[in-house]
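Asker: I'm passing along protein07.tsv; it holds TSV, C-alpha atoms.
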```
chain	number	residue	atom	x	y	z
A	556	MET	CA	18.86	158.31	-7.78
A	557	LYS	CA	19.87	154.72	-7.15
A	558	ARG	CA	23.50	155.79	-6.91
A	559	LEU	CA	22.69	158.50	-4.37
A	560	THR	CA	20.64	156.04	-2.27
A	561	LEU	CA	23.50	153.50	-2.35
A	562	LEU	CA	25.99	156.19	-1.33
A	563	LEU	CA	23.86	157.26	1.66
A	564	ILE	CA	23.45	153.65	2.78
A	565	SER	CA	27.25	153.12	2.58
A	566	VAL	CA	28.00	156.27	4.63
A	567	CYS	CA	25.51	155.26	7.34
A	568	ALA	CA	26.93	151.74	7.51
A	569	PHE	CA	30.51	153.06	7.83
A	570	GLN	CA	29.53	155.44	10.63
A	571	GLY	CA	27.73	152.62	12.43
A	572	LEU	CA	30.81	150.40	12.23
A	573	ALA	CA	33.09	153.22	13.42
A	574	TYR	CA	30.84	153.98	16.40
A	575	SER	CA	30.57	150.30	17.24
A	576	GLY	CA	34.37	149.91	17.13
A	577	SER	CA	35.03	152.93	19.34
A	578	TYR	CA	32.43	151.74	21.84
A	579	SER	CA	33.99	148.30	21.87
A	580	GLU	CA	37.44	149.79	22.56
A	581	ARG	CA	36.12	151.92	25.41
A	582	LYS	CA	34.36	148.93	26.87
A	583	GLU	CA	37.52	146.72	26.82
A	584	VAL	CA	39.76	149.29	28.58
A	585	ALA	CA	39.39	148.99	32.35
A	586	PRO	CA	41.38	150.77	35.09
A	587	CYS	CA	44.18	148.72	36.64
A	588	PRO	CA	43.92	147.79	40.32
A	589	GLU	CA	46.16	149.85	42.61
A	590	TRP	CA	48.43	147.56	44.64
A	591	TYR	CA	50.68	150.35	45.95
A	592	GLY	CA	49.57	153.66	47.43
A	593	ASN	CA	50.90	157.15	46.85
A	594	ASN	CA	51.06	157.74	50.60
A	595	GLU	CA	51.36	154.64	52.77
A	596	TRP	CA	53.04	153.18	55.83
A	597	ASN	CA	54.98	149.93	55.42
A	598	VAL	CA	55.87	147.62	58.35
A	599	ALA	CA	58.05	144.64	57.42
A	600	ILE	CA	59.24	141.62	59.41
A	601	TRP	CA	61.94	139.41	57.90
A	602	GLY	CA	64.45	136.63	58.47
A	603	ALA	CA	68.08	137.04	57.42
A	604	TYR	CA	71.20	135.11	56.50
A	605	SER	CA	74.50	136.98	56.55
A	606	PHE	CA	77.98	136.09	55.35
A	607	THR	CA	81.24	137.90	55.93
A	608	GLY	CA	83.29	139.52	53.22
A	609	THR	CA	86.58	138.20	54.65
A	610	GLU	CA	87.60	134.56	54.21
A	611	PHE	CA	87.37	132.62	57.47
A	612	ALA	CA	90.83	131.05	57.79
A	613	PRO	CA	92.28	131.76	61.26
A	614	ASN	CA	95.69	130.38	62.21
A	615	PRO	CA	94.92	126.87	63.52
A	616	SER	CA	98.14	126.62	65.57
A	617	LEU	CA	98.22	128.35	68.97
A	618	VAL	CA	101.90	127.44	69.24
A	619	ASP	CA	102.52	129.37	66.02
A	620	LEU	CA	100.61	132.34	67.48
A	621	ILE	CA	103.07	132.44	70.37
A	622	GLN	CA	106.08	131.93	68.09
A	623	SER	CA	105.07	134.58	65.56
A	624	THR	CA	104.24	137.05	68.36
A	625	SER	CA	107.65	136.53	69.97
A	626	GLU	CA	109.15	137.33	66.55
A	627	GLY	CA	107.21	140.60	66.38
A	628	HIS	CA	104.51	139.79	63.78
A	629	THR	CA	101.58	137.77	65.06
A	630	VAL	CA	100.09	135.55	62.33
A	631	PHE	CA	96.37	135.55	63.14
A	632	GLY	CA	95.21	134.40	59.71
A	633	THR	CA	92.12	135.89	58.08
A	634	PHE	CA	88.65	136.26	59.60
A	635	ASP	CA	85.95	138.86	60.08
A	636	ARG	CA	86.90	141.23	62.89
A	637	TYR	CA	83.38	142.32	63.88
A	638	VAL	CA	80.71	139.64	63.28
A	639	GLY	CA	83.18	136.80	63.86
A	640	ASN	CA	82.82	133.54	61.95
A	641	ASP	CA	81.93	133.30	58.27
A	642	HIS	CA	78.10	133.41	58.57
A	643	ALA	CA	75.17	134.04	60.91
A	644	TRP	CA	71.37	133.74	60.98
A	645	GLY	CA	69.00	136.35	62.35
A	646	GLY	CA	66.08	138.63	61.61
A	647	GLY	CA	64.74	142.12	61.92
A	648	ALA	CA	62.04	144.63	61.13
A	649	ASP	CA	61.65	148.04	59.56
A	650	ILE	CA	59.04	150.73	59.27
A	651	LYS	CA	58.84	153.09	56.31
A	652	TYR	CA	56.61	155.93	55.21
A	653	PHE	CA	56.23	156.50	51.47
A	654	PHE	CA	55.46	160.22	51.19
A	655	ALA	CA	55.16	159.72	47.40
A	656	ARG	CA	54.55	156.71	45.23
A	657	TYR	CA	58.25	156.16	44.60
A	658	PHE	CA	60.07	157.53	47.68
A	659	GLY	CA	60.12	156.53	51.34
A	660	ILE	CA	62.07	157.10	54.56
A	661	GLY	CA	62.27	154.72	57.50
A	662	ILE	CA	64.01	153.06	60.43
A	663	GLN	CA	65.43	149.52	60.37
A	664	GLY	CA	66.75	147.21	63.08
A	665	PHE	CA	68.12	143.67	63.01
A	666	GLY	CA	69.90	141.10	65.17
A	667	LEU	CA	72.24	138.24	64.21
A	668	ASP	CA	73.01	135.13	66.23
A	669	ALA	CA	76.75	135.36	65.62
A	670	LYS	CA	79.47	132.92	66.69
A	671	ARG	CA	83.05	133.99	67.42
A	672	SER	CA	86.15	131.85	67.65
A	673	GLY	CA	88.94	132.83	70.01
A	674	PHE	CA	91.72	131.39	72.13
A	675	GLU	CA	93.07	131.27	75.67
A	676	ILE	CA	96.83	131.17	76.10
A	677	ASN	CA	98.78	131.13	79.36
A	678	SER	CA	102.38	129.98	79.09
A	679	GLN	CA	104.75	130.34	82.06
A	680	PRO	CA	107.56	127.79	81.54
A	681	LEU	CA	109.38	128.55	84.80
A	682	ASP	CA	106.19	127.72	86.76
A	683	ASP	CA	105.26	124.72	84.59
A	684	ILE	CA	102.03	126.43	83.46
A	685	LEU	CA	100.80	125.85	79.93
A	686	VAL	CA	97.24	126.55	78.80
A	687	LEU	CA	96.43	126.40	75.07
A	688	GLU	CA	92.69	126.41	74.44
A	689	LYS	CA	90.52	127.38	71.49
A	690	THR	CA	87.25	129.04	72.54
A	691	THR	CA	83.87	129.69	70.95
A	692	ASP	CA	81.12	132.00	72.12
A	693	ARG	CA	77.79	133.16	70.73
A	694	ARG	CA	76.32	136.63	71.05
A	695	VAL	CA	73.80	138.91	69.35
A	696	VAL	CA	75.20	141.43	66.90
A	697	GLY	CA	72.58	144.10	66.19
A	698	SER	CA	72.15	147.31	64.25
A	699	VAL	CA	69.78	150.28	63.98
A	700	LEU	CA	69.73	152.43	60.84
A	701	GLY	CA	67.85	155.23	59.16
A	702	THR	CA	66.98	154.44	55.53
A	703	PHE	CA	65.89	156.10	52.28
A	704	THR	CA	64.04	153.86	49.78
A	705	LEU	CA	63.30	154.16	46.06
A	706	ARG	CA	60.69	151.85	44.53
A	707	TYR	CA	58.94	151.45	41.18
A	708	PRO	CA	55.53	149.74	41.29
A	709	ILE	CA	55.18	148.23	37.82
A	710	PRO	CA	51.90	149.49	36.28
A	711	CYS	CA	49.05	146.94	36.28
A	712	SER	CA	51.29	144.53	38.23
A	713	ARG	CA	51.67	143.23	41.78
A	714	PHE	CA	55.48	143.57	41.53
A	715	SER	CA	57.63	146.46	42.68
A	716	PRO	CA	61.46	146.48	42.53
A	717	TYR	CA	63.11	148.66	45.15
A	718	ALA	CA	66.51	149.88	46.32
A	719	TRP	CA	67.63	151.63	49.48
A	720	ALA	CA	70.57	153.08	51.38
A	721	GLY	CA	70.95	153.61	55.10
A	722	VAL	CA	73.35	154.68	57.81
A	723	GLY	CA	73.44	153.91	61.52
A	724	ALA	CA	75.29	151.97	64.20
A	725	ILE	CA	76.17	148.32	64.77
A	726	PHE	CA	76.88	146.90	68.22
A	727	GLY	CA	77.55	143.63	70.05
A	728	GLY	CA	80.65	142.51	68.10
A	729	GLY	CA	84.24	143.49	67.52
A	730	GLU	CA	85.79	141.54	70.40
A	731	SER	CA	89.42	140.54	69.97
A	732	ASP	CA	92.09	138.29	71.47
A	733	ARG	CA	95.71	139.41	71.44
A	734	VAL	CA	98.84	137.50	72.39
A	735	ILE	CA	101.30	139.22	74.74
A	736	THR	CA	104.76	137.67	75.12
A	737	SER	CA	107.83	138.50	77.18
A	738	GLU	CA	111.30	137.02	77.04
A	739	ILE	CA	112.73	134.93	79.86
A	740	LEU	CA	116.25	136.09	80.59
A	741	GLY	CA	118.80	133.33	80.41
A	742	GLY	CA	116.36	130.95	78.79
A	743	PRO	CA	117.26	128.34	76.18
A	744	GLN	CA	117.48	128.95	72.43
A	745	PRO	CA	114.27	129.36	70.35
A	746	ALA	CA	112.15	126.23	70.26
A	747	GLU	CA	112.03	123.88	67.33
A	748	GLU	CA	109.09	124.03	64.94
A	749	GLY	CA	105.94	122.74	66.62
A	750	GLN	CA	107.30	123.21	70.16
A	751	VAL	CA	106.12	125.94	72.53
A	752	PRO	CA	108.68	128.78	72.61
A	753	PHE	CA	110.44	129.35	75.94
A	754	VAL	CA	108.71	132.70	76.63
A	755	ASN	CA	105.98	133.93	78.90
A	756	ALA	CA	102.76	134.33	76.91
A	757	ARG	CA	99.20	135.29	77.73
A	758	THR	CA	95.98	136.31	76.01
A	759	GLU	CA	94.69	139.85	76.31
A	760	HIS	CA	90.93	140.07	75.70
A	761	SER	CA	88.99	143.15	74.59
A	762	GLY	CA	85.21	143.48	74.68
A	763	SER	CA	82.63	144.47	72.07
A	764	ARG	CA	82.49	147.97	70.65
A	765	PRO	CA	79.88	149.91	68.64
A	766	GLU	CA	80.80	151.05	65.15
A	767	LEU	CA	79.38	153.26	62.40
A	768	MET	CA	77.75	151.26	59.60
A	769	GLY	CA	76.42	152.02	56.14
A	770	GLN	CA	74.06	149.77	54.19
A	771	PHE	CA	72.81	149.62	50.60
A	772	GLY	CA	70.74	147.02	48.78
A	773	GLY	CA	67.90	146.14	46.47
A	774	GLY	CA	65.07	143.67	46.08
A	775	LEU	CA	61.58	142.88	44.83
A	776	GLU	CA	58.16	142.97	46.51
A	777	TYR	CA	55.06	141.03	45.46
A	778	ARG	CA	51.66	142.14	46.80
A	779	PHE	CA	49.21	139.34	47.60
A	780	THR	CA	46.64	142.00	48.49
A	781	ARG	CA	46.65	145.77	48.71
A	782	HIS	CA	47.90	145.50	52.30
A	783	ILE	CA	50.11	142.36	52.40
A	784	GLY	CA	53.28	141.77	50.40
A	785	TRP	CA	56.24	139.39	50.21
A	786	THR	CA	59.75	140.90	50.06
A	787	ASN	CA	63.06	139.37	49.00
A	788	ASP	CA	66.28	141.37	48.86
A	789	PHE	CA	70.05	141.54	49.34
A	790	ASN	CA	72.15	144.20	51.03
A	791	TRP	CA	75.82	144.92	51.67
A	792	ASN	CA	76.94	146.35	55.00
A	793	VAL	CA	80.07	148.48	55.38
A	794	VAL	CA	81.36	148.61	58.96
A	795	ASN	CA	84.02	151.05	60.11
A	796	GLY	CA	87.41	149.33	60.17
A	797	ALA	CA	89.22	146.68	58.12
A	798	HIS	CA	87.84	143.16	57.52
A	799	ASN	CA	84.39	144.04	58.89
A	800	ASP	CA	82.03	144.16	55.88
A	801	PHE	CA	79.31	141.57	55.35
A	802	GLY	CA	76.39	140.75	53.05
A	803	MET	CA	72.84	139.79	53.98
A	804	PHE	CA	69.96	138.00	52.24
A	805	ARG	CA	66.47	138.74	53.62
A	806	THR	CA	62.94	137.44	53.05
A	807	GLY	CA	59.81	138.52	54.88
A	808	ILE	CA	56.28	139.88	54.99
A	809	ASN	CA	55.37	143.52	54.47
A	810	PHE	CA	52.18	145.14	55.79
A	811	ALA	CA	50.99	148.30	54.03
A	812	PHE	CA	48.52	150.81	55.51
```
Represent the supplied structure as structure tokens.
Answerer:
Amino acid sequence: MKRLTLLLISVCAFQGLAYSGSYSERKEVAPCPEWYGNNEWNVAIWGAYSFTGTEFAPNPSLVDLIQSTSEGHTVFGTFDRYVGNDHAWGGGADIKYFFARYFGIGIQGFGLDAKRSGFEINSQPLDDILVLEKTTDRRVVGSVLGTFTLRYPIPCSRFSPYAWAGVGAIFGGGESDRVITSEILGGPQPAEEGQVPFVNARTEHSGSRPELMGQFGGGLEYRFTRHIGWTNDFNWNVVNGAHNDFGMFRTGINFAF
């Protein structure tokens, strides 16, 4: 009888401990806060720093530009042919709709305060005219693109890595300066190195042109609240034509609704 009583007491105690443990586990597990919605609009405003993919090393000698052109192969040096110099600052905005937790489509636009180096040449030896000037001008290079975004909100976290690709148009850049030379009949022999060749020479200018552009990049968002986040990312931009591609770092604020 004593053994039976002891056995019953042990069974009851074990069941009580098991129930208490399961209750404690259920009590400790709480649902995670939702920082990202399954269906939400995102409006982001950001600043940007861009750098060109081509080394900025234009030919520093305008005399050599004339000489090399008269020889049939102008030596311009290397530089970006669309944005211009080696870097630019700017900003932009985009609006996206996430039709599912991980996928979104949107429209993006940005502008860059871009500087371009050029030259002005006017050489007419018979009329004693010689103009050799380096020029610099600033203009806004902008773009509008349609984008598709993938993101992964980390469970129980304010962080969400994301990646996107887009296609659209870029405008406001692509100007060029070209040297045109013509021989002077009966003129003297070719000039010595460093001297202006005895040819007529002038600069031919062309204006800006729009181009097709593709963009792809990735970054990370941190949500301060359910509706306000901080974004940091990098993208690479591929512009139609040679020596036109550039990269861009961005940081900004995202508003989610």
Asker: Kindly provide the residues of region 635-741 of chain A that approach region 608-624 of chain A to within 9 Å, each paired with its closest atom pair and their distance in Å to one decimal, based on all atoms listed in the file, listed by chain and increasing number, as a Markdown table.
Answerer:
```
| residue | atom | partner | partner_atom | distance |
| --- | --- | --- | --- | --- |
| A:Asp635 | CA | A:Thr609 | CA | 5.5 |
| A:Arg636 | CA | A:Thr609 | CA | 8.8 |
| A:Gly639 | CA | A:Phe611 | CA | 8.7 |
| A:Asn640 | CA | A:Phe611 | CA | 6.5 |
| A:Asp641 | CA | A:Phe611 | CA | 5.5 |
| A:Ser672 | CA | A:Pro613 | CA | 8.9 |
| A:Phe674 | CA | A:Leu617 | CA | 7.8 |
| A:Glu675 | CA | A:Leu617 | CA | 8.9 |
| A:Ile676 | CA | A:Leu617 | CA | 7.8 |
| A:Leu687 | CA | A:Leu617 | CA | 6.6 |
| A:Glu688 | CA | A:Leu617 | CA | 8.0 |
| A:Lys689 | CA | A:Leu617 | CA | 8.2 |
| A:Val734 | CA | A:Thr624 | CA | 6.8 |
| A:Ile735 | CA | A:Thr624 | CA | 7.4 |
| A:Thr736 | CA | A:Thr624 | CA | 6.8 |
```
Asker: Skipping near chain neighbours, those fewer than 5 positions away, what residues fall within 9 Å of Ser712 (chain A) using all atoms listed in the file, listed as a PyMOL selection string?
Answerer: chain A and resi 587-590+777-778
Asker: Which of these residues is nearest to Leu685 (chain A), using only C-alpha atoms: A:Phe658, A:Trp719, A:Phe753, A:Phe631?
Answerer: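 When distances to Leu685 (chain A) are compared using only C-alpha atoms, the smallest one comes from A:Phe753.
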Asker: List every residue of region 666-782 of chain A that has an atom at most 7 Å from any atom of region 789-799 of chain A, giving for each one its closest atom pair and the distance in Å to one decimal, counting all atoms listed in the file, sorted by chain and then by ascending residue number, as CSV.
Answerer:
```
residue,atom,partner,partner_atom,distance
A:Glu766,CA,A:Asn795,CA,6.0
A:Leu767,CA,A:Asn795,CA,5.6
A:Met768,CA,A:Val794,CA,4.5
A:Gly769,CA,A:Val793,CA,5.1
A:Gln770,CA,A:Asn792,CA,4.5
A:Phe771,CA,A:Asn790,CA,5.5
A:Gly772,CA,A:Asn790,CA,3.9
A:Gly773,CA,A:Phe789,CA,5.8
A:Gly774,CA,A:Phe789,CA,6.3
```
Asker: Have a look at CA of Arg781 (chain A) and CA of Phe703 (chain A) and let me know their distance in Å, one decimal.
Answerer: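 Computing it gives 22.1 Å between the two atoms.
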Asker: Please measure the separation of CA of Tyr604 (chain A) and CA of Met803 (chain A), giving the value in Å to one decimal.
Answerer: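 The value is 5.6 Å.
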Asker: From the options A:Ser605, A:Asn677, A:Thr758, A:Asn809, which residue's atoms come nearest to Phe779 (chain A), counting all atoms listed in the file?
Answerer: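 Closest candidate: A:Asn809.
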Asker: Counting only C-alpha atoms, which of A:Ile808, A:Ala669, A:Val754, A:Val630 gets nearest to Thr786 (chain A)?
Answerer: A:Ile808
Asker: CA of Thr629 (chain A) and CA of Arg757 (chain A) are how many Å apart?
Answerer: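 We find that CA of Thr629 (chain A) and CA of Arg757 (chain A) lie 13.1 Å from each other.
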Asker: Please list as a list of chain:residue names every residue within 9 Å of region 645-649 of chain A, counting only C-alpha atoms and excluding residues in the same chain fewer than 5 positions away.
Answerer: A:Asn597, A:Val598, A:Ala599, A:Ile600, A:Trp601, A:Gly602, A:Ala603, A:Tyr604, A:Ser605, A:Gly661, A:Ile662, A:Gln663, A:Gly664, A:Phe665, A:Gly666, A:Leu667, A:Asp668, A:Ala669, A:Val695, A:Arg805
Asker: Determine the axis-aligned bounding box of all atoms of region 680-698 of chain A present in the file, pad each side by 8 Å, and express its centre and edge lengths in Å to one decimal place as AutoDock Vina command-line options.
Answerer:
```
--center_x 90.8 --center_y 136.0 --center_z 75.5 --size_x 53.2 --size_y 38.6 --size_z 38.5
```
Asker: Identify which of the residues A:Leu705, A:Leu775, A:Cys711, A:Ala756 lies closest to Ile684 (chain A), counting all atoms listed in the file when measuring atom-to-atom distances.
Answerer: A:Ala756
Asker: Nearest to Tyr717 (chain A) among A:Asp800, A:Glu776, A:Glu626, A:Glu595, with distances taken over only C-alpha atoms: which residue is it?
Answerer: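 Selected residue with least distance to Tyr717 (chain A): A:Glu776.
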Asker: Will you model N, CA and C atoms for region 776-799 of chain A and pass it back as a compact mmCIF listing (two decimals), keeping the file's coordinate frame?
Answerer:
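Just written: part17.txt:
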```txt
# COMPACT_ATOMS: atom_id res chain seq x y z
N GLU A 776 59.34 143.26 45.69
CA GLU A 776 58.16 142.97 46.51
C GLU A 776 57.02 142.49 45.61
N TYR A 777 56.26 141.53 46.14
CA TYR A 777 55.06 141.03 45.46
C TYR A 777 53.88 141.20 46.41
N ARG A 778 52.83 141.89 45.97
CA ARG A 778 51.66 142.14 46.80
C ARG A 778 50.60 141.05 46.58
N PHE A 779 50.32 140.29 47.65
CA PHE A 779 49.21 139.34 47.60
C PHE A 779 47.89 140.09 47.59
N THR A 780 47.80 141.11 48.43
CA THR A 780 46.64 142.00 48.49
C THR A 780 47.16 143.43 48.55
N ARG A 781 46.25 144.36 48.62
CA ARG A 781 46.65 145.77 48.71
C ARG A 781 47.45 146.04 49.98
N HIS A 782 47.28 145.22 51.01
CA HIS A 782 47.90 145.50 52.30
C HIS A 782 48.94 144.47 52.76
N ILE A 783 49.15 143.39 52.00
CA ILE A 783 50.11 142.36 52.40
C ILE A 783 51.02 142.02 51.22
N GLY A 784 52.33 142.07 51.45
CA GLY A 784 53.28 141.77 50.40
C GLY A 784 54.40 140.84 50.88
N TRP A 785 55.11 140.27 49.93
CA TRP A 785 56.24 139.39 50.21
C TRP A 785 57.49 140.05 49.64
N THR A 786 58.53 140.23 50.48
CA THR A 786 59.75 140.90 50.06
C THR A 786 60.93 139.94 50.06
N ASN A 787 61.80 140.11 49.08
CA ASN A 787 63.06 139.37 49.00
C ASN A 787 64.13 140.34 48.53
N ASP A 788 65.26 140.40 49.26
CA ASP A 788 66.28 141.37 48.86
C ASP A 788 67.66 140.95 49.36
N PHE A 789 68.66 141.74 48.93
CA PHE A 789 70.05 141.54 49.34
C PHE A 789 70.64 142.90 49.67
N ASN A 790 71.47 142.96 50.70
CA ASN A 790 72.15 144.20 51.03
C ASN A 790 73.59 143.94 51.42
N TRP A 791 74.41 144.98 51.28
CA TRP A 791 75.82 144.92 51.67
C TRP A 791 76.04 145.94 52.78
N ASN A 792 76.75 145.52 53.83
CA ASN A 792 76.94 146.35 55.00
C ASN A 792 78.42 146.70 55.17
N VAL A 793 78.70 147.98 55.27
CA VAL A 793 80.07 148.48 55.38
C VAL A 793 80.27 148.98 56.80
N VAL A 794 81.12 148.28 57.56
CA VAL A 794 81.36 148.61 58.96
C VAL A 794 82.72 149.30 59.08
N ASN A 795 82.78 150.32 59.90
CA ASN A 795 84.02 151.05 60.11
C ASN A 795 85.15 150.11 60.54
N GLY A 796 86.28 150.18 59.85
CA GLY A 796 87.41 149.33 60.17
C GLY A 796 87.67 148.29 59.09
N ALA A 797 88.85 147.67 59.13
CA ALA A 797 89.22 146.68 58.12
C ALA A 797 88.64 145.31 58.45
N HIS A 798 88.34 144.54 57.40
CA HIS A 798 87.84 143.16 57.52
C HIS A 798 86.55 143.07 58.34
N ASN A 799 85.63 144.01 58.12
CA ASN A 799 84.39 144.04 58.89
C ASN A 799 83.14 143.92 58.04
```
